[in-house]
>>> print(open('upload_9.cif').read())   # mmCIF, C-alpha atoms
data_entry
#
loop_
_atom_site.group_PDB
_atom_site.id
_atom_site.type_symbol
_atom_site.label_atom_id
_atom_site.label_comp_id
_atom_site.auth_asym_id
_atom_site.auth_seq_id
_atom_site.Cartn_x
_atom_site.Cartn_y
_atom_site.Cartn_z
ATOM 1 C CA MET T 1 51.187 -34.654 -51.982
ATOM 2 C CA SER T 2 48.322 -35.944 -54.083
ATOM 3 C CA ALA T 3 48.573 -36.779 -57.748
ATOM 4 C CA PRO T 4 46.995 -34.277 -60.153
ATOM 5 C CA LEU T 5 43.349 -34.949 -60.920
ATOM 6 C CA ASP T 6 42.596 -36.424 -64.303
ATOM 7 C CA ALA T 7 39.449 -35.779 -66.332
ATOM 8 C CA ILE T 8 37.577 -38.675 -64.745
ATOM 9 C CA ASP T 9 38.428 -37.557 -61.201
ATOM 10 C CA ARG T 10 37.183 -34.088 -62.087
ATOM 11 C CA ALA T 11 33.973 -35.417 -63.594
ATOM 12 C CA LEU T 12 33.397 -37.528 -60.498
ATOM 13 C CA ILE T 13 33.879 -34.527 -58.215
ATOM 14 C CA ASN T 14 31.862 -32.109 -60.332
ATOM 15 C CA ASP T 15 28.967 -34.454 -61.080
ATOM 16 C CA TYR T 16 28.500 -36.294 -57.788
ATOM 17 C CA GLN T 17 28.486 -33.675 -55.034
ATOM 18 C CA GLY T 18 24.869 -34.699 -54.867
ATOM 19 C CA GLY T 19 22.870 -37.365 -56.614
ATOM 20 C CA PHE T 20 25.030 -40.352 -55.772
ATOM 21 C CA PRO T 21 22.578 -43.177 -56.573
ATOM 22 C CA LEU T 22 20.448 -44.827 -53.923
ATOM 23 C CA SER T 23 20.427 -48.260 -55.536
ATOM 24 C CA ALA T 24 21.815 -51.744 -55.040
ATOM 25 C CA GLU T 25 24.926 -51.100 -57.132
ATOM 26 C CA PRO T 26 25.486 -47.353 -57.134
ATOM 27 C CA PHE T 27 29.129 -47.495 -58.219
ATOM 28 C CA ALA T 28 28.109 -49.412 -61.332
ATOM 29 C CA GLU T 29 25.598 -46.667 -62.195
ATOM 30 C CA VAL T 30 28.185 -43.957 -61.695
ATOM 31 C CA GLY T 31 30.685 -45.993 -63.704
ATOM 32 C CA ALA T 32 28.237 -46.276 -66.579
ATOM 33 C CA SER T 33 27.848 -42.486 -66.665
ATOM 34 C CA LEU T 34 31.626 -41.955 -66.645
ATOM 35 C CA GLY T 35 32.526 -44.837 -68.952
ATOM 36 C CA ILE T 36 34.460 -46.862 -66.371
ATOM 37 C CA GLU T 37 33.861 -49.988 -64.304
ATOM 38 C CA ALA T 38 32.230 -49.930 -60.871
ATOM 39 C CA GLU T 39 35.479 -51.135 -59.273
ATOM 40 C CA GLU T 40 37.346 -48.188 -60.726
ATOM 41 C CA VAL T 41 34.803 -45.686 -59.399
ATOM 42 C CA LEU T 42 35.184 -47.195 -55.939
ATOM 43 C CA ALA T 43 38.987 -47.179 -56.218
ATOM 44 C CA ARG T 44 39.004 -43.533 -57.316
ATOM 45 C CA ILE T 45 36.743 -42.391 -54.490
ATOM 46 C CA THR T 46 38.854 -44.345 -51.999
ATOM 47 C CA ARG T 47 42.029 -42.742 -53.333
ATOM 48 C CA LEU T 48 40.559 -39.213 -53.341
ATOM 49 C CA LEU T 49 39.505 -39.696 -49.724
ATOM 50 C CA ASP T 50 42.919 -41.074 -48.749
ATOM 51 C CA GLU T 51 44.669 -38.150 -50.435
ATOM 52 C CA GLY T 52 42.401 -35.640 -48.739
ATOM 53 C CA THR T 53 40.946 -34.310 -51.999
ATOM 54 C CA LEU T 54 37.562 -35.389 -50.659
ATOM 55 C CA SER T 55 36.751 -34.743 -47.033
ATOM 56 C CA ARG T 56 33.734 -37.063 -46.985
ATOM 57 C CA PHE T 57 31.684 -39.432 -49.073
ATOM 58 C CA GLY T 58 28.049 -40.236 -48.347
ATOM 59 C CA PRO T 59 24.938 -38.531 -47.051
ATOM 60 C CA MET T 60 25.152 -35.059 -45.508
ATOM 61 C CA TYR T 61 22.537 -34.786 -42.817
ATOM 62 C CA HIS T 62 20.602 -31.649 -41.914
ATOM 63 C CA ALA T 63 20.685 -31.189 -38.144
ATOM 64 C CA GLU T 64 17.507 -29.137 -37.713
ATOM 65 C CA LYS T 65 15.447 -31.326 -40.020
ATOM 66 C CA MET T 66 16.485 -34.322 -37.926
ATOM 67 C CA GLY T 67 14.990 -32.509 -34.954
ATOM 68 C CA GLY T 68 18.350 -31.340 -33.692
ATOM 69 C CA GLY T 69 19.913 -27.992 -32.987
ATOM 70 C CA LEU T 70 22.583 -26.160 -34.967
ATOM 71 C CA THR T 71 24.359 -22.891 -34.493
ATOM 72 C CA LEU T 72 27.474 -20.918 -35.316
ATOM 73 C CA ALA T 73 29.354 -19.608 -32.310
ATOM 74 C CA ALA T 74 32.410 -17.450 -31.752
ATOM 75 C CA LEU T 75 34.949 -16.920 -28.995
ATOM 76 C CA GLU T 76 37.379 -14.109 -28.340
ATOM 77 C CA VAL T 77 40.413 -16.098 -27.206
ATOM 78 C CA PRO T 78 43.567 -14.509 -25.779
ATOM 79 C CA ASP T 79 46.422 -15.245 -28.199
ATOM 80 C CA ASP T 80 48.670 -16.792 -25.580
ATOM 81 C CA ASP T 81 45.973 -19.256 -24.529
ATOM 82 C CA TYR T 82 44.760 -20.163 -28.008
ATOM 83 C CA GLU T 83 46.005 -23.752 -28.312
ATOM 84 C CA ARG T 84 44.698 -24.775 -24.899
ATOM 85 C CA ILE T 85 41.255 -23.306 -25.588
ATOM 86 C CA ALA T 86 41.138 -24.915 -29.050
ATOM 87 C CA GLU T 87 41.792 -28.286 -27.452
ATOM 88 C CA ILE T 88 39.018 -27.797 -24.909
ATOM 89 C CA VAL T 89 36.499 -26.714 -27.553
ATOM 90 C CA ASN T 90 37.437 -29.522 -29.952
ATOM 91 C CA GLU T 91 36.887 -32.130 -27.239
ATOM 92 C CA PHE T 92 33.150 -31.460 -27.407
ATOM 93 C CA ASP T 93 31.431 -33.997 -29.673
ATOM 94 C CA GLU T 94 28.820 -31.317 -30.410
ATOM 95 C CA VAL T 95 31.488 -29.131 -32.049
ATOM 96 C CA ALA T 96 31.465 -30.228 -35.678
ATOM 97 C CA HIS T 97 33.817 -27.709 -37.293
ATOM 98 C CA ASN T 98 36.134 -25.189 -35.764
ATOM 99 C CA TYR T 99 38.084 -22.495 -37.616
ATOM 100 C CA ALA T 100 40.666 -19.970 -36.552
ATOM 101 C CA ARG T 101 39.857 -16.556 -38.082
ATOM 102 C CA ASP T 102 41.668 -13.235 -38.158
ATOM 103 C CA HIS T 103 39.499 -11.006 -35.972
ATOM 104 C CA ASP T 104 39.136 -10.285 -32.238
ATOM 105 C CA PHE T 105 36.489 -13.000 -32.469
ATOM 106 C CA ASN T 106 39.182 -15.458 -33.455
ATOM 107 C CA MET T 107 37.611 -18.904 -33.009
ATOM 108 C CA TRP T 108 34.467 -19.889 -34.925
ATOM 109 C CA PHE T 109 32.743 -23.216 -34.576
ATOM 110 C CA VAL T 110 29.561 -25.016 -35.498
ATOM 111 C CA ILE T 111 27.610 -26.686 -32.703
ATOM 112 C CA ALA T 112 25.286 -29.526 -33.741
ATOM 113 C CA THR T 113 23.116 -31.211 -31.123
ATOM 114 C CA GLU T 114 20.450 -33.884 -31.117
ATOM 115 C CA THR T 115 17.808 -31.625 -29.614
ATOM 116 C CA PRO T 116 17.179 -27.883 -30.077
ATOM 117 C CA GLU T 117 17.727 -27.389 -26.319
ATOM 118 C CA GLY T 118 21.139 -29.021 -26.620
ATOM 119 C CA VAL T 119 22.613 -25.872 -28.170
ATOM 120 C CA ALA T 120 22.136 -23.683 -25.087
ATOM 121 C CA GLU T 121 23.267 -26.491 -22.829
ATOM 122 C CA THR T 122 26.427 -27.061 -24.871
ATOM 123 C CA ILE T 123 27.170 -23.339 -24.904
ATOM 124 C CA SER T 124 26.941 -23.260 -21.091
ATOM 125 C CA ARG T 125 29.323 -26.188 -20.838
ATOM 126 C CA ILE T 126 31.809 -24.583 -23.242
ATOM 127 C CA GLU T 127 31.629 -21.325 -21.265
ATOM 128 C CA ALA T 128 32.249 -23.226 -18.032
ATOM 129 C CA ALA T 129 35.143 -25.198 -19.508
ATOM 130 C CA THR T 130 36.854 -22.217 -21.146
ATOM 131 C CA GLY T 131 35.898 -19.353 -18.829
ATOM 132 C CA LEU T 132 35.048 -17.325 -21.967
ATOM 133 C CA VAL T 133 31.832 -15.841 -23.318
ATOM 134 C CA VAL T 134 30.418 -17.803 -26.254
ATOM 135 C CA TYR T 135 28.782 -15.532 -28.818
ATOM 136 C CA ASN T 136 25.860 -17.504 -30.199
ATOM 137 C CA MET T 137 24.888 -16.669 -33.784
ATOM 138 C CA PRO T 138 22.117 -19.042 -34.854
ATOM 139 C CA LYS T 139 20.798 -18.477 -38.350
ATOM 140 C CA LYS T 140 17.625 -16.421 -38.558
ATOM 141 C CA GLU T 141 17.222 -16.966 -42.281
ATOM 142 C CA GLU T 142 19.076 -19.056 -44.867
ATOM 143 C CA PHE T 143 19.374 -17.524 -48.301
ATOM 144 C CA PHE T 144 21.226 -20.175 -50.201
ATOM 145 C CA ILE T 145 23.546 -23.080 -49.672
ATOM 146 C CA GLY T 146 25.610 -23.533 -52.764
ATOM 147 C CA LEU T 147 26.612 -27.032 -53.568
ATOM 148 C CA ARG T 148 29.422 -27.061 -55.926
ATOM 149 C CA PHE T 149 33.061 -26.545 -56.334
ATOM 150 C CA GLU T 150 34.095 -26.868 -59.936
ATOM 151 C CA VAL T 151 37.466 -28.495 -60.395
ATOM 152 C CA MET Q 1 12.369 -39.957 -37.936
ATOM 153 C CA ASP Q 2 12.024 -43.250 -36.066
ATOM 154 C CA ASP Q 3 14.640 -45.462 -34.434
ATOM 155 C CA LEU Q 4 15.455 -47.250 -37.687
ATOM 156 C CA ASP Q 5 16.058 -43.969 -39.498
ATOM 157 C CA ARG Q 6 18.241 -42.977 -36.620
ATOM 158 C CA ALA Q 7 20.187 -46.226 -36.871
ATOM 159 C CA ILE Q 8 20.779 -45.498 -40.560
ATOM 160 C CA VAL Q 9 22.033 -42.014 -39.698
ATOM 161 C CA VAL Q 10 24.433 -43.416 -37.116
ATOM 162 C CA ALA Q 11 25.678 -46.029 -39.602
ATOM 163 C CA THR Q 12 26.286 -43.545 -42.425
ATOM 164 C CA GLN Q 13 27.116 -40.192 -40.874
ATOM 165 C CA GLU Q 14 30.868 -40.820 -41.075
ATOM 166 C CA GLY Q 15 30.409 -41.851 -44.698
ATOM 167 C CA LEU Q 16 29.086 -44.697 -46.822
ATOM 168 C CA PRO Q 17 30.926 -48.028 -46.679
ATOM 169 C CA LEU Q 18 33.537 -48.231 -49.434
ATOM 170 C CA SER Q 19 32.203 -51.394 -51.008
ATOM 171 C CA LEU Q 20 30.427 -52.109 -54.279
ATOM 172 C CA ARG Q 21 27.067 -52.619 -52.530
ATOM 173 C CA PRO Q 22 27.328 -50.053 -49.749
ATOM 174 C CA TYR Q 23 23.636 -50.060 -48.829
ATOM 175 C CA ASP Q 24 23.769 -53.849 -48.319
ATOM 176 C CA ASP Q 25 26.479 -53.256 -45.722
ATOM 177 C CA VAL Q 26 24.416 -50.548 -44.050
ATOM 178 C CA ALA Q 27 21.385 -52.860 -44.074
ATOM 179 C CA ARG Q 28 23.341 -55.640 -42.386
ATOM 180 C CA SER Q 29 24.642 -53.329 -39.702
ATOM 181 C CA VAL Q 30 21.183 -51.967 -38.823
ATOM 182 C CA GLY Q 31 19.238 -55.219 -39.331
ATOM 183 C CA LEU Q 32 17.100 -54.167 -42.323
ATOM 184 C CA GLU Q 33 16.714 -55.310 -45.910
ATOM 185 C CA PRO Q 34 18.797 -53.298 -48.410
ATOM 186 C CA ALA Q 35 15.609 -52.109 -50.150
ATOM 187 C CA ASP Q 36 14.327 -50.708 -46.835
ATOM 188 C CA VAL Q 37 17.538 -48.779 -46.285
ATOM 189 C CA ILE Q 38 17.311 -47.326 -49.789
ATOM 190 C CA ASN Q 39 13.626 -46.440 -49.346
ATOM 191 C CA ARG Q 40 14.229 -44.769 -46.033
ATOM 192 C CA MET Q 41 17.204 -42.811 -47.363
ATOM 193 C CA GLU Q 42 15.124 -41.725 -50.361
ATOM 194 C CA LYS Q 43 12.475 -40.396 -47.983
ATOM 195 C CA MET Q 44 15.096 -38.602 -45.910
ATOM 196 C CA LEU Q 45 16.511 -37.042 -49.063
ATOM 197 C CA LYS Q 46 13.046 -35.908 -50.117
ATOM 198 C CA SER Q 47 12.218 -34.385 -46.733
ATOM 199 C CA GLY Q 48 15.593 -32.653 -46.550
ATOM 200 C CA VAL Q 49 16.918 -34.673 -43.600
ATOM 201 C CA ILE Q 50 19.657 -35.670 -46.049
ATOM 202 C CA ARG Q 51 20.816 -32.475 -47.745
ATOM 203 C CA ARG Q 52 22.597 -34.424 -50.445
ATOM 204 C CA ASN Q 53 24.335 -37.714 -51.023
ATOM 205 C CA GLY Q 54 27.717 -37.778 -52.689
ATOM 206 C CA VAL Q 55 31.310 -36.671 -52.554
ATOM 207 C CA VAL Q 56 32.321 -33.703 -50.432
ATOM 208 C CA PRO Q 57 35.409 -32.038 -51.846
ATOM 209 C CA ASN Q 58 37.965 -30.537 -49.537
ATOM 210 C CA HIS Q 59 38.178 -27.072 -51.081
ATOM 211 C CA TYR Q 60 41.550 -26.512 -49.425
ATOM 212 C CA ALA Q 61 43.030 -29.508 -51.189
ATOM 213 C CA LEU Q 62 41.486 -28.325 -54.463
ATOM 214 C CA GLY Q 63 43.309 -25.033 -54.381
ATOM 215 C CA TYR Q 64 40.593 -22.818 -52.903
ATOM 216 C CA LYS Q 65 42.990 -21.853 -50.151
ATOM 217 C CA ALA Q 66 41.346 -18.566 -49.253
ATOM 218 C CA ASN Q 67 38.089 -18.820 -47.397
ATOM 219 C CA GLY Q 68 36.654 -15.466 -46.454
ATOM 220 C CA MET Q 69 33.664 -15.154 -44.192
ATOM 221 C CA THR Q 70 32.360 -11.787 -45.295
ATOM 222 C CA VAL Q 71 30.136 -10.154 -42.702
ATOM 223 C CA TRP Q 72 27.908 -7.160 -43.310
ATOM 224 C CA ASP Q 73 25.854 -4.717 -41.291
ATOM 225 C CA VAL Q 74 22.691 -4.116 -43.288
ATOM 226 C CA PRO Q 75 19.295 -2.759 -42.171
ATOM 227 C CA ASP Q 76 17.112 -5.562 -40.816
ATOM 228 C CA ASP Q 77 14.157 -4.501 -42.934
ATOM 229 C CA GLN Q 78 16.141 -4.980 -46.158
ATOM 230 C CA ILE Q 79 18.093 -8.096 -45.274
ATOM 231 C CA SER Q 80 15.770 -10.712 -46.781
ATOM 232 C CA ALA Q 81 15.712 -9.116 -50.213
ATOM 233 C CA LEU Q 82 19.426 -8.359 -50.178
ATOM 234 C CA GLY Q 83 20.394 -11.766 -48.797
ATOM 235 C CA ARG Q 84 18.583 -13.513 -51.616
ATOM 236 C CA ARG Q 85 20.467 -11.499 -54.225
ATOM 237 C CA VAL Q 86 23.859 -12.061 -52.641
ATOM 238 C CA GLY Q 87 23.135 -15.731 -51.985
ATOM 239 C CA ALA Q 88 22.507 -16.246 -55.687
ATOM 240 C CA LEU Q 89 26.111 -15.293 -56.595
ATOM 241 C CA ASP Q 90 28.052 -18.356 -57.695
ATOM 242 C CA PHE Q 91 31.095 -17.673 -55.518
ATOM 243 C CA VAL Q 92 28.979 -17.452 -52.350
ATOM 244 C CA SER Q 93 28.649 -20.898 -50.806
ATOM 245 C CA HIS Q 94 26.564 -20.038 -47.738
ATOM 246 C CA CYS Q 95 24.534 -16.941 -46.932
ATOM 247 C CA TYR Q 96 22.696 -16.364 -43.669
ATOM 248 C CA HIS Q 97 20.992 -13.739 -41.570
ATOM 249 C CA ARG Q 98 22.413 -14.036 -38.032
ATOM 250 C CA PRO Q 99 22.001 -11.922 -34.889
ATOM 251 C CA ARG Q 100 24.261 -8.983 -34.002
ATOM 252 C CA HIS Q 101 26.064 -8.793 -30.655
ATOM 253 C CA LEU Q 102 26.362 -5.083 -30.071
ATOM 254 C CA PRO Q 103 28.608 -3.251 -29.577
ATOM 255 C CA ASP Q 104 31.361 -5.723 -30.492
ATOM 256 C CA TRP Q 105 29.624 -7.425 -33.372
ATOM 257 C CA PRO Q 106 27.398 -5.206 -35.552
ATOM 258 C CA TYR Q 107 27.183 -7.652 -38.482
ATOM 259 C CA ASN Q 108 23.957 -9.455 -39.361
ATOM 260 C CA LEU Q 109 24.570 -10.845 -42.884
ATOM 261 C CA PHE Q 110 27.155 -13.615 -43.296
ATOM 262 C CA CYS Q 111 28.302 -14.675 -46.766
ATOM 263 C CA MET Q 112 30.985 -17.298 -47.217
ATOM 264 C CA VAL Q 113 33.227 -16.539 -50.182
ATOM 265 C CA HIS Q 114 35.817 -18.999 -51.489
ATOM 266 C CA GLY Q 115 38.702 -18.153 -53.766
ATOM 267 C CA ARG Q 116 42.127 -19.330 -54.780
ATOM 268 C CA ASP Q 117 43.760 -16.401 -52.983
ATOM 269 C CA HIS Q 118 42.915 -13.315 -50.948
ATOM 270 C CA GLU Q 119 42.882 -11.181 -54.064
ATOM 271 C CA SER Q 120 40.041 -13.169 -55.607
ATOM 272 C CA VAL Q 121 38.094 -13.141 -52.321
ATOM 273 C CA GLU Q 122 38.501 -9.363 -52.202
ATOM 274 C CA LYS Q 123 37.335 -9.002 -55.786
ATOM 275 C CA HIS Q 124 34.230 -11.041 -54.935
ATOM 276 C CA THR Q 125 33.668 -8.940 -51.830
ATOM 277 C CA ARG Q 126 33.632 -5.807 -53.990
ATOM 278 C CA GLN Q 127 31.005 -7.469 -56.195
ATOM 279 C CA ILE Q 128 28.847 -8.082 -53.119
ATOM 280 C CA LEU Q 129 29.362 -4.465 -52.082
ATOM 281 C CA MET Q 130 28.063 -3.323 -55.466
ATOM 282 C CA ILE Q 131 24.856 -5.244 -54.879
ATOM 283 C CA LEU Q 132 24.388 -4.037 -51.324
ATOM 284 C CA GLY Q 133 25.314 -0.423 -52.093
ATOM 285 C CA ASP Q 134 24.445 2.064 -49.343
ATOM 286 C CA ALA Q 135 22.665 -0.671 -47.386
ATOM 287 C CA ALA Q 136 26.112 -1.986 -46.401
ATOM 288 C CA ARG Q 137 26.901 0.263 -43.441
ATOM 289 C CA ASP Q 138 30.006 -1.691 -42.518
ATOM 290 C CA HIS Q 139 31.661 -4.943 -43.516
ATOM 291 C CA ARG Q 140 34.651 -7.138 -42.797
ATOM 292 C CA ILE Q 141 36.319 -10.170 -44.309
ATOM 293 C CA LEU Q 142 37.348 -12.790 -41.748
ATOM 294 C CA TYR Q 143 39.818 -15.172 -43.331
ATOM 295 C CA SER Q 144 40.203 -18.613 -41.900
ATOM 296 C CA THR Q 145 43.802 -19.031 -40.872
ATOM 297 C CA ARG Q 146 43.552 -22.645 -39.715
ATOM 298 C CA ILE Q 147 41.084 -25.518 -39.611
ATOM 299 C CA LEU Q 148 41.027 -26.551 -35.951
ATOM 300 C CA LYS Q 149 38.478 -29.330 -36.341
ATOM 301 C CA LYS Q 150 36.401 -30.758 -39.138
ATOM 302 C CA SER Q 151 34.083 -33.672 -38.601
ATOM 303 C CA GLY Q 152 30.606 -34.322 -39.852
ATOM 304 C CA LEU Q 153 27.594 -33.989 -37.667
ATOM 305 C CA ARG Q 154 27.609 -36.904 -35.263
ATOM 306 C CA LEU Q 155 24.740 -38.684 -33.556
ATOM 307 C CA VAL Q 156 25.632 -40.964 -30.715
ATOM 308 C CA ALA Q 157 24.547 -44.566 -31.235
#
>>> encode(input="upload_9.cif", output="structure tokens")
Amino acid sequence: MSAPLDAIDRALINDYQGGFPLSAEPFAEVGASLGIEAEEVLARITRLLDEGTLSRFGPMYHAEKMGGGLTLAALEVPDDDYERIAEIVNEFDEVAHNYARDHDFNMWFVIATETPEGVAETISRIEAATGLVVYNMPKKEEFFIGLRFEV
Amino acid sequence: MDDLDRAIVVATQEGLPLSLRPYDDVARSVGLEPADVINRMEKMLKSGVIRRNGVVPNHYALGYKANGMTVWDVPDDQISALGRRVGALDFVSHCYHRPRHLPDWPYNLFCMVHGRDHESVEKHTRQILMILGDAARDHRILYSTRILKKSGLRLVA
């Protein structure tokens, strides 16, 4: 169990989901804005990562803008084979996230590849490895990607 | 993006080094000056290759335990206008137009809604329904029941 967040943890999480400084001593800059030392900012981020309050810290890259491919895909997995199929799908480096969801389409994952063609190729390999149809649902239009969780 | 940008991506995609001068560490590992790493990352941020730089909260750990992927069947010729309105709602974190797979999957608008519990996700879903009105021919909420895998995007070195 993680300790409750104090006001400084919350400020760190609310204020720095973007805009972490690109400078020689970024933790010192953040510390100045929060009224604490650089070392304490670093220690807090390290602790929040260790506790699982933060899942990542650093740049979030945009697959398509890097020239890569990205899609959302779904599988309809028989319940009694679910764990085995999840293991097979998760083994693929191209599978970035994978969620179980309550629908006949019960496994949803993001495929990120270095080239646009990599998506179709990865889907074929997942179909071959699982024996299931992969429903490919690439975005046709993006309306908004919200940034923030307020804590 | 050139090979040096790529090297920076590989060095940072799992996260920034947890040191007081993290870009110095990145610079050492890719064989550049720290100022070059910072300049290149600034350019990547500007061009959108880096979506953002900072902390990524785990919404599960923060008490947003219910994550509902709401999916909607709306007429294709209205989806852009409607998607923009729904995407602007503060409880919607992602909103996309995606293809249908008929007959099993009639839904073309995907809106991710986060809440502390199912009740709050359902309340938010009703707010989306008010915006979409008769254009929403059908909809579902798919709750995530388990995270099977979560890793950032990964380039191979």
>>> resolve_selection(input="upload_9.cif", expression="the PyMOL selection byres ((chain Q) within 6 of (chain T))", output="PyMOL selection string")
chain Q and resi 15-16+21+38+49-58+61+83-84+87+93-99+142-153
>>> resolve_selection(input="upload_9.cif", expression="the PyMOL selection byres ((chain T and resi 123) around 9)", output="ChimeraX atom specification")
/T:73,111,118-122,124-128,133-136
>>> write_last_selection(input="upload_9.cif", atoms="C-alpha atoms", output="CSV table (one decimal), in the coordinates of the input")
chain,number,residue,atom,x,y,z
T,73,ALA,CA,29.4,-19.6,-32.3
T,111,ILE,CA,27.6,-26.7,-32.7
T,118,GLY,CA,21.1,-29.0,-26.6
T,119,VAL,CA,22.6,-25.9,-28.2
T,120,ALA,CA,22.1,-23.7,-25.1
T,121,GLU,CA,23.3,-26.5,-22.8
T,122,THR,CA,26.4,-27.1,-24.9
T,124,SER,CA,26.9,-23.3,-21.1
T,125,ARG,CA,29.3,-26.2,-20.8
T,126,ILE,CA,31.8,-24.6,-23.2
T,127,GLU,CA,31.6,-21.3,-21.3
T,128,ALA,CA,32.2,-23.2,-18.0
T,133,VAL,CA,31.8,-15.8,-23.3
T,134,VAL,CA,30.4,-17.8,-26.3
T,135,TYR,CA,28.8,-15.5,-28.8
T,136,ASN,CA,25.9,-17.5,-30.2
>>> residues_around(input="upload_9.cif", residues="segment 63-73 of chain Q", least_positions_apart="5", cutoff="9 Å", atoms="all atoms listed in the file", output="PDB file with C-alpha atoms, in the coordinates of the input")
ATOM      1  CA  ARG T 101      39.857 -16.556 -38.082  1.00  0.00           C
TER       2      ARG T 101
ATOM      3  CA  ASN Q  58      37.965 -30.537 -49.537  1.00  0.00           C
ATOM      4  CA  ARG Q 100      24.261  -8.983 -34.002  1.00  0.00           C
ATOM      5  CA  PRO Q 106      27.398  -5.206 -35.552  1.00  0.00           C
ATOM      6  CA  TYR Q 107      27.183  -7.652 -38.482  1.00  0.00           C
ATOM      7  CA  ASN Q 108      23.957  -9.455 -39.361  1.00  0.00           C
ATOM      8  CA  LEU Q 109      24.570 -10.845 -42.884  1.00  0.00           C
ATOM      9  CA  PHE Q 110      27.155 -13.615 -43.296  1.00  0.00           C
ATOM     10  CA  CYS Q 111      28.302 -14.675 -46.766  1.00  0.00           C
ATOM     11  CA  MET Q 112      30.985 -17.298 -47.217  1.00  0.00           C
ATOM     12  CA  VAL Q 113      33.227 -16.539 -50.182  1.00  0.00           C
ATOM     13  CA  HIS Q 114      35.817 -18.999 -51.489  1.00  0.00           C
ATOM     14  CA  GLY Q 115      38.702 -18.153 -53.766  1.00  0.00           C
ATOM     15  CA  ARG Q 116      42.127 -19.330 -54.780  1.00  0.00           C
ATOM     16  CA  ASP Q 117      43.760 -16.401 -52.983  1.00  0.00           C
ATOM     17  CA  HIS Q 118      42.915 -13.315 -50.948  1.00  0.00           C
ATOM     18  CA  GLU Q 119      42.882 -11.181 -54.064  1.00  0.00           C
ATOM     19  CA  SER Q 120      40.041 -13.169 -55.607  1.00  0.00           C
ATOM     20  CA  VAL Q 121      38.094 -13.141 -52.321  1.00  0.00           C
ATOM     21  CA  GLU Q 122      38.501  -9.363 -52.202  1.00  0.00           C
ATOM     22  CA  THR Q 125      33.668  -8.940 -51.830  1.00  0.00           C
ATOM     23  CA  ALA Q 135      22.665  -0.671 -47.386  1.00  0.00           C
ATOM     24  CA  ALA Q 136      26.112  -1.986 -46.401  1.00  0.00           C
ATOM     25  CA  ARG Q 137      26.901   0.263 -43.441  1.00  0.00           C
ATOM     26  CA  ASP Q 138      30.006  -1.691 -42.518  1.00  0.00           C
ATOM     27  CA  HIS Q 139      31.661  -4.943 -43.516  1.00  0.00           C
ATOM     28  CA  ARG Q 140      34.651  -7.138 -42.797  1.00  0.00           C
ATOM     29  CA  ILE Q 141      36.319 -10.170 -44.309  1.00  0.00           C
ATOM     30  CA  LEU Q 142      37.348 -12.790 -41.748  1.00  0.00           C
ATOM     31  CA  TYR Q 143      39.818 -15.172 -43.331  1.00  0.00           C
ATOM     32  CA  SER Q 144      40.203 -18.613 -41.900  1.00  0.00           C
ATOM     33  CA  THR Q 145      43.802 -19.031 -40.872  1.00  0.00           C
TER      34      THR Q 145
END
>>> closest_residue(input="upload_9.cif", among="Q:Asp5, Q:Asp104, Q:Asp134, Q:Glu14", to="Ala27 of chain Q", atoms="all atoms listed in the file")
Q:Asp5
>>> axis_aligned_box(input="upload_9.cif", around="segment 99-115 of chain T", padding_each_side="8 Å", output="AutoDock Vina command-line options")
--center_x 29.7 --center_y -22.1 --center_z -33.9 --size_x 39.9 --size_y 39.6 --size_z 24.5
>>> atom_distance(input="upload_9.cif", atom1="atom CA of Ala11 of chain T", atom2="atom CA of Met44 of chain Q")
26.1 Å
>>> resolve_selection(input="upload_9.cif", expression="the PyMOL selection byres ((chain Q and resi 24) around 10)", output="list in words")
Ser23, Ala24 and Glu25 of chain T; Pro17, Ser19, Leu20, Arg21, Pro22, Tyr23, Asp25, Val26, Ala27, Arg28, Ser29, Leu32, Glu33, Pro34, Ala35, Val37 and Ile38 of chain Q
>>> decode(input="upload_9.cif", residues="segment 7-15 of chain Q", atoms="N, CA and C atoms", output="compact mmCIF listing (two decimals), in the first residue's frame")
# COMPACT_ATOMS: atom_id res chain seq x y z
N ALA Q 7 18.25 7.30 -31.40
CA ALA Q 7 19.03 6.85 -30.24
C ALA Q 7 18.49 7.49 -28.96
N ILE Q 8 18.07 8.75 -29.07
CA ILE Q 8 17.48 9.42 -27.90
C ILE Q 8 16.16 8.76 -27.51
N VAL Q 9 15.36 8.41 -28.51
CA VAL Q 9 14.10 7.73 -28.22
C VAL Q 9 14.37 6.41 -27.49
N VAL Q 10 15.30 5.64 -28.03
CA VAL Q 10 15.61 4.35 -27.40
C VAL Q 10 16.08 4.54 -25.96
N ALA Q 11 16.88 5.59 -25.74
CA ALA Q 11 17.44 5.82 -24.40
C ALA Q 11 16.41 6.34 -23.40
N THR Q 12 15.31 6.91 -23.88
CA THR Q 12 14.37 7.55 -22.95
C THR Q 12 12.97 6.96 -22.95
N GLN Q 13 12.70 6.02 -23.84
CA GLN Q 13 11.31 5.56 -23.97
C GLN Q 13 10.82 4.80 -22.74
N GLU Q 14 11.73 4.23 -21.97
CA GLU Q 14 11.30 3.57 -20.72
C GLU Q 14 11.23 4.59 -19.58
N GLY Q 15 11.68 5.81 -19.85
CA GLY Q 15 11.64 6.84 -18.82
C GLY Q 15 12.96 7.59 -18.77
